[in-house]
Structure formats: structure tokens, C-alpha cells
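First up is the structure itself, then whatever we jot down about it.
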Amino acid sequence: MLKRLIFVFLALASLAFLIDAQQQRSKRTRRSSHRHQHRATRKPAKPPVTSFVTDSGGSELIVRLLDVGQGDATYIGNGSSKVIIDGGPDPATFGRYLDSLNLNNSTIDVVILSHQHLDHYSGLRELFKTARHIHVRYFFENKDPAPAATLAELRDSILSRMDRDSLIYRDTDDPCSNGRPICTITMTGGAKLHIMVPLPGGDGPNNRSTAVKLIGPDSASFTMWLAGDAEHEEIGWFETMGYNRNPGMLVNVLKADHHGSCNGVTPRYLALTAPRWVVASVGARNEYGHMHTQAKKIYRGAGVPWYRTDQNGTITIRSPGTVGGGFTIIPQRGGTDLDGPSDRVSRQPGCAMRMR
Ligand SMILES: [Zn+2]
């Protein structure tokens, strides 16, 4: 009898324990779902630089216009493919991005130098620092003679990697080494890059910039046009060359040519590209007056909003690569259509009339 009483007591006690545990669990669940709802109603946090590690791979296309000051540096990732267009003016700054993008000890499939100005090539020297163990498969540039010692250093690194590391060094004047003006590279997630021959005999390095068209895995979702520092002479020639028909210049996003200079845009160029967004890579303190008032007026006149790296930090564009997936464009901070401290009206002749 006593044994039976003890058994009943133990059974009731363990039942009470189970019920209590269940109640605690459901309380916790309610609390956490409340917390989740609370979090969902808050604005999403701005992505910190370290969030680069969340890049998902697969078919997602990621484009980052890096905040490197007065210069250009763009990273493109799709599947396992990695592409860099220009490296900005400062190796230390670009090196920090190589760290945060987890590019050390990796293969970068394609590096493109748009043209031979320091604010585009200088940071690229960091790619070849031995300690980084970065393997570059293809390097594209127009190979024009240029006197700068730092450019010679970059070219020496490229040549030595051809011997030691089977790097392929391509001339943008014949980008696929087959005599054709457009070289198409397909990334492993399905995105495509068209690398185009620059204006032969352009009047200086800017007008020898290589144009690149980036097409997302779902071409209807995302396209982008980047043409380095091409000025009026070359952007007019893009149409003469027929790039508006092949590979086509209509895009979702236009990288402002020449850091938002008035000589990097015309109403015709905007009509041909018809972007939904303009993104400009520009330093807050620059001696050129970028972004020029005239350029902003042209963008505004066409109803195209802009982000700019000096005010918005690194600008990230993502397209999931699925049919109809569209794209998002996210600045590190700040709103659209901002002005910068160096912005001013340019007095150069080709721009003056465009103010009216
Ligand atoms: Zn530049």
C-alpha cells in the first residue's frame, strides 16, 4: 500500500514538472516571437563593412561600388566568380576592402583596369602583394604607354605572374584576342560581362576608358553600365561604334562616368542608357569640383536619382538572379540626390551651355 502511494506521488510530481516545463517553454516562445515582431517593425540596420561575409553565392549577383575616396573601385561577385574593376587611388584603403571582402587566399577571375590614371590603378598593386596569396586569372587593360613609376610597378607584377602563376594579360583593344570589339565573360552564377574596345586614339587616358556592361543572371532583372572616366568624345563614340545596338546600352544602373564630371554625361548618353539609378564614385574633398552642378542637373532633368560614395559610403547592389527577382540598391548611409562639399559649377567649355 505504501509502495503504491509513493508511486502515485512520484507520478503526480513528475507530471507537475512536465506541465511546468511546458508552460515555461511556451512563455519563452511568446517572448521571443514578441521580440521578433518588435525587431521587424524597426528599420533594418545599415550594413556594416563586415557584413561582406554574408554574401550568399549561388546565382545572386552582388556589385559593390567601394568607398575609396576620389577614384573608382568596383567588386562584382556571382556564384564563385569574382571580378574587380579598378582599385582606387590608395593601396592601403583598397587592401582593407580586400580583407573585409575575404579576398585574400582566393582566385579573382577577372581584373579590369579602365584606364591608366592613378585614381583607378594604384590600389590594384595591393592584389599582387605576396602575403595576400591572391591568384588573378585574367587582367585587362589597354596597355597604352604611360610614364608613371607606380603603373610600371603594377605592370611588372602582372608580367611576373604570367610566368609564375599563369595569369592571362589581355589588351582591351583586342579583349578576346580574336579581333572582335566585344569580349563576353560568363560568371559561374550566370551573370555576364561584356568588355568593349575603347575609342582608338582617344585624346587622353580618360577617353581610352574601357566600357563594361554587366548583365545579371536574369537579364530582365538587372543590367549596369560602367565606363571609367570616359568623357564627351568617347561617350559619343560608343553610339558611333554601335554599342547601343550590341551589346545594348539600356541599363538599370549607370556608374557616373568620370566621378560625376559634367564631361562624363550628356542628355543623349542618359537617353541611350535610360538608367533607373546613377551611382558615382567620388571623394568628398576633391580639387575638380566633382560632382559638377551641370551633371546633377542633367540627372535630375531625366528624373534619375543618384547615390555617391563620398556621402553614401559603399553602395551595394544585389540581384537574386532568379526570374523576375529584380534588384536592390543599398547605400551604407544617407539618402538620395545628396550634394558634396566639393560640388561646383564647372567652367570647362563643353559643359557651360548645358546649364540652360
Ligand atoms: Zn578617375
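Chain labels A, B, ... are given in the sequence in which chains occur in the C-alpha cells; within each chain residues are numbered consecutively from 1, and ligands are likewise numbered from 1 in the order shown.
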Query - Long-range neighbours of Tyr138 (chain A) as a PyMOL selection string, 9 Å cut-off, only C-alpha atoms, 5 positions minimum in chain - result: chain A and resi 108-112+167-170
Query - Shell of 9 Å around ligand 1 (only C-alpha atoms and all ligand atoms), written as a ChimeraX atom specification - result: /A:70-72,88-89,115,117-120,206,228-229,257-259,281-282
Just to be explicit: take each residue in the selection above, keep all heavy atoms, and write the result as a compact mmCIF listing (two decimals), in the first residue's frame.
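Writing done, so here's result_19.txt:
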# COMPACT_ATOMS: atom_id res chain seq x y z
N GLN A 70 38.52 59.71 -53.84
CA GLN A 70 38.45 60.20 -55.23
C GLN A 70 39.10 59.17 -56.16
O GLN A 70 40.31 59.13 -56.33
CB GLN A 70 39.13 61.56 -55.34
CG GLN A 70 39.09 62.16 -56.74
CD GLN A 70 37.69 62.61 -57.17
OE1 GLN A 70 36.76 62.63 -56.38
NE2 GLN A 70 37.53 62.94 -58.43
N GLY A 71 38.28 58.33 -56.76
CA GLY A 71 38.76 57.26 -57.63
C GLY A 71 37.62 56.28 -57.84
O GLY A 71 36.48 56.55 -57.46
N ASP A 72 37.93 55.15 -58.48
CA ASP A 72 36.93 54.11 -58.73
C ASP A 72 37.46 52.77 -58.25
O ASP A 72 38.65 52.46 -58.47
CB ASP A 72 36.72 53.93 -60.25
CG ASP A 72 35.64 54.82 -60.83
OD1 ASP A 72 35.19 55.75 -60.12
OD2 ASP A 72 35.24 54.58 -61.98
N GLY A 88 41.03 52.06 -57.15
CA GLY A 88 41.09 53.30 -56.38
C GLY A 88 42.51 53.84 -56.25
O GLY A 88 43.47 53.23 -56.72
N PRO A 89 42.65 55.00 -55.59
CA PRO A 89 43.95 55.70 -55.56
C PRO A 89 44.93 55.20 -54.49
O PRO A 89 46.11 55.49 -54.58
CB PRO A 89 43.53 57.14 -55.23
CG PRO A 89 42.27 56.99 -54.43
CD PRO A 89 41.57 55.78 -54.97
N HIS A 115 41.45 52.52 -67.24
CA HIS A 115 42.42 53.36 -67.96
C HIS A 115 43.56 53.71 -67.02
O HIS A 115 43.49 53.46 -65.81
CB HIS A 115 41.75 54.62 -68.51
CG HIS A 115 41.25 55.56 -67.45
ND1 HIS A 115 40.23 55.24 -66.59
CD2 HIS A 115 41.65 56.81 -67.09
CE1 HIS A 115 40.01 56.25 -65.76
NE2 HIS A 115 40.85 57.21 -66.04
N HIS A 117 45.00 55.97 -65.12
CA HIS A 117 45.13 57.06 -64.15
C HIS A 117 45.23 56.48 -62.75
O HIS A 117 44.57 55.50 -62.42
CB HIS A 117 43.95 58.04 -64.26
CG HIS A 117 44.14 59.09 -65.31
ND1 HIS A 117 43.09 59.77 -65.89
CD2 HIS A 117 45.28 59.59 -65.87
CE1 HIS A 117 43.57 60.65 -66.77
NE2 HIS A 117 44.89 60.55 -66.79
N LEU A 118 46.04 57.17 -61.94
CA LEU A 118 46.38 56.68 -60.60
C LEU A 118 45.15 56.39 -59.74
O LEU A 118 45.14 55.41 -58.98
CB LEU A 118 47.30 57.69 -59.90
CG LEU A 118 47.82 57.27 -58.53
CD1 LEU A 118 49.32 57.52 -58.44
CD2 LEU A 118 47.11 58.03 -57.40
N ASP A 119 44.11 57.21 -59.87
CA ASP A 119 42.92 57.00 -59.02
C ASP A 119 42.14 55.74 -59.41
O ASP A 119 41.15 55.39 -58.78
CB ASP A 119 42.01 58.24 -59.05
CG ASP A 119 41.55 58.62 -60.45
OD1 ASP A 119 42.36 58.56 -61.39
OD2 ASP A 119 40.35 58.96 -60.61
N HIS A 120 42.61 55.05 -60.47
CA HIS A 120 41.99 53.78 -60.88
C HIS A 120 42.95 52.59 -60.72
O HIS A 120 42.52 51.50 -60.37
CB HIS A 120 41.50 53.89 -62.33
CG HIS A 120 40.46 54.95 -62.49
ND1 HIS A 120 39.13 54.65 -62.65
CD2 HIS A 120 40.54 56.31 -62.45
CE1 HIS A 120 38.43 55.79 -62.72
NE2 HIS A 120 39.28 56.80 -62.60
N ASN A 206 41.46 59.32 -70.23
CA ASN A 206 40.03 59.22 -69.92
C ASN A 206 39.23 58.69 -71.11
O ASN A 206 38.36 57.83 -70.96
CB ASN A 206 39.46 60.58 -69.51
CG ASN A 206 39.87 60.96 -68.09
OD1 ASN A 206 40.44 60.14 -67.36
ND2 ASN A 206 39.59 62.19 -67.70
N GLY A 228 34.38 53.81 -66.80
CA GLY A 228 35.54 54.52 -66.26
C GLY A 228 35.35 56.03 -66.26
O GLY A 228 34.34 56.52 -65.76
N ASP A 229 36.32 56.72 -66.86
CA ASP A 229 36.27 58.18 -66.89
C ASP A 229 36.00 58.69 -68.30
O ASP A 229 36.41 59.81 -68.66
CB ASP A 229 37.60 58.77 -66.38
CG ASP A 229 37.73 58.64 -64.86
OD1 ASP A 229 36.79 58.14 -64.21
OD2 ASP A 229 38.78 59.04 -64.32
N ASP A 257 30.10 58.40 -65.28
CA ASP A 257 31.45 58.48 -65.86
C ASP A 257 32.22 59.60 -65.18
O ASP A 257 31.67 60.67 -64.88
CB ASP A 257 31.37 58.81 -67.36
CG ASP A 257 30.72 57.70 -68.16
OD1 ASP A 257 29.72 57.12 -67.70
OD2 ASP A 257 31.21 57.41 -69.26
N HIS A 258 33.51 59.38 -65.00
CA HIS A 258 34.43 60.43 -64.53
C HIS A 258 33.94 61.11 -63.24
O HIS A 258 33.93 62.32 -63.13
CB HIS A 258 34.66 61.46 -65.65
CG HIS A 258 35.89 62.28 -65.44
ND1 HIS A 258 36.17 63.40 -66.18
CD2 HIS A 258 36.91 62.15 -64.56
CE1 HIS A 258 37.30 63.93 -65.77
NE2 HIS A 258 37.77 63.18 -64.78
N HIS A 259 33.52 60.28 -62.27
CA HIS A 259 33.22 60.76 -60.91
C HIS A 259 32.17 61.88 -60.87
O HIS A 259 32.22 62.76 -60.00
CB HIS A 259 34.52 61.24 -60.23
CG HIS A 259 35.70 60.37 -60.52
ND1 HIS A 259 35.81 59.09 -60.01
CD2 HIS A 259 36.81 60.55 -61.30
CE1 HIS A 259 36.93 58.54 -60.45
NE2 HIS A 259 37.55 59.40 -61.25
N SER A 281 31.29 57.39 -57.96
CA SER A 281 32.40 57.15 -57.06
C SER A 281 33.22 58.43 -57.01
O SER A 281 33.80 58.84 -58.01
CB SER A 281 33.23 55.97 -57.56
OG SER A 281 34.21 55.64 -56.61
N VAL A 282 33.25 59.07 -55.85
CA VAL A 282 33.81 60.42 -55.75
C VAL A 282 34.31 60.67 -54.33
O VAL A 282 33.76 60.14 -53.36
CB VAL A 282 32.72 61.45 -56.18
CG1 VAL A 282 31.48 61.35 -55.32
CG2 VAL A 282 33.24 62.88 -56.20
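Checking A:Ser122, A:His135, A:His290, A:Gly321 one by one against Ser166 (chain A), counting only C-alpha atoms, you find the shortest gap at A:His135.
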Report task. Find the residues near Val212 (chain A): any atom within 7 Å, counting only C-alpha atoms, skip ones fewer than 3 places away on the same chain, and give them as a VMD selection string. Result -> chain A and resid 193 to 196 225 to 227
**Report entry** Residue set, region 47-216 of chain A restricted to strand (DSSP E), as a ChimeraX atom specification
**Finding:** /A:61-65,73-78,81-87,107-112,135-141,168-171,182-186,192-196,212-215
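Straight-line separation from CA of Glu233 (chain A) to CA of Asn252 (chain A): 23.3 Å.
Among the candidate residues A:Arg245, A:Arg125, A:Lys82, A:Arg268, the one lying nearest to Ile298 (chain A) is A:Arg268, with distances computed using only C-alpha atoms.
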Report task. Considering only C-alpha atoms, return as number ranges by chain whatever protein or nucleic-acid residues lie within 8 Å of Met291 (chain A), sequence-local ones (same chain, fewer than 6 positions apart) excluded. Result -> A: 259-262, 282, 339-340, 342-344
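When CA of Gly326 (chain A) is paired with CA of Ala230 (chain A), their separation reads 28.0 Å.
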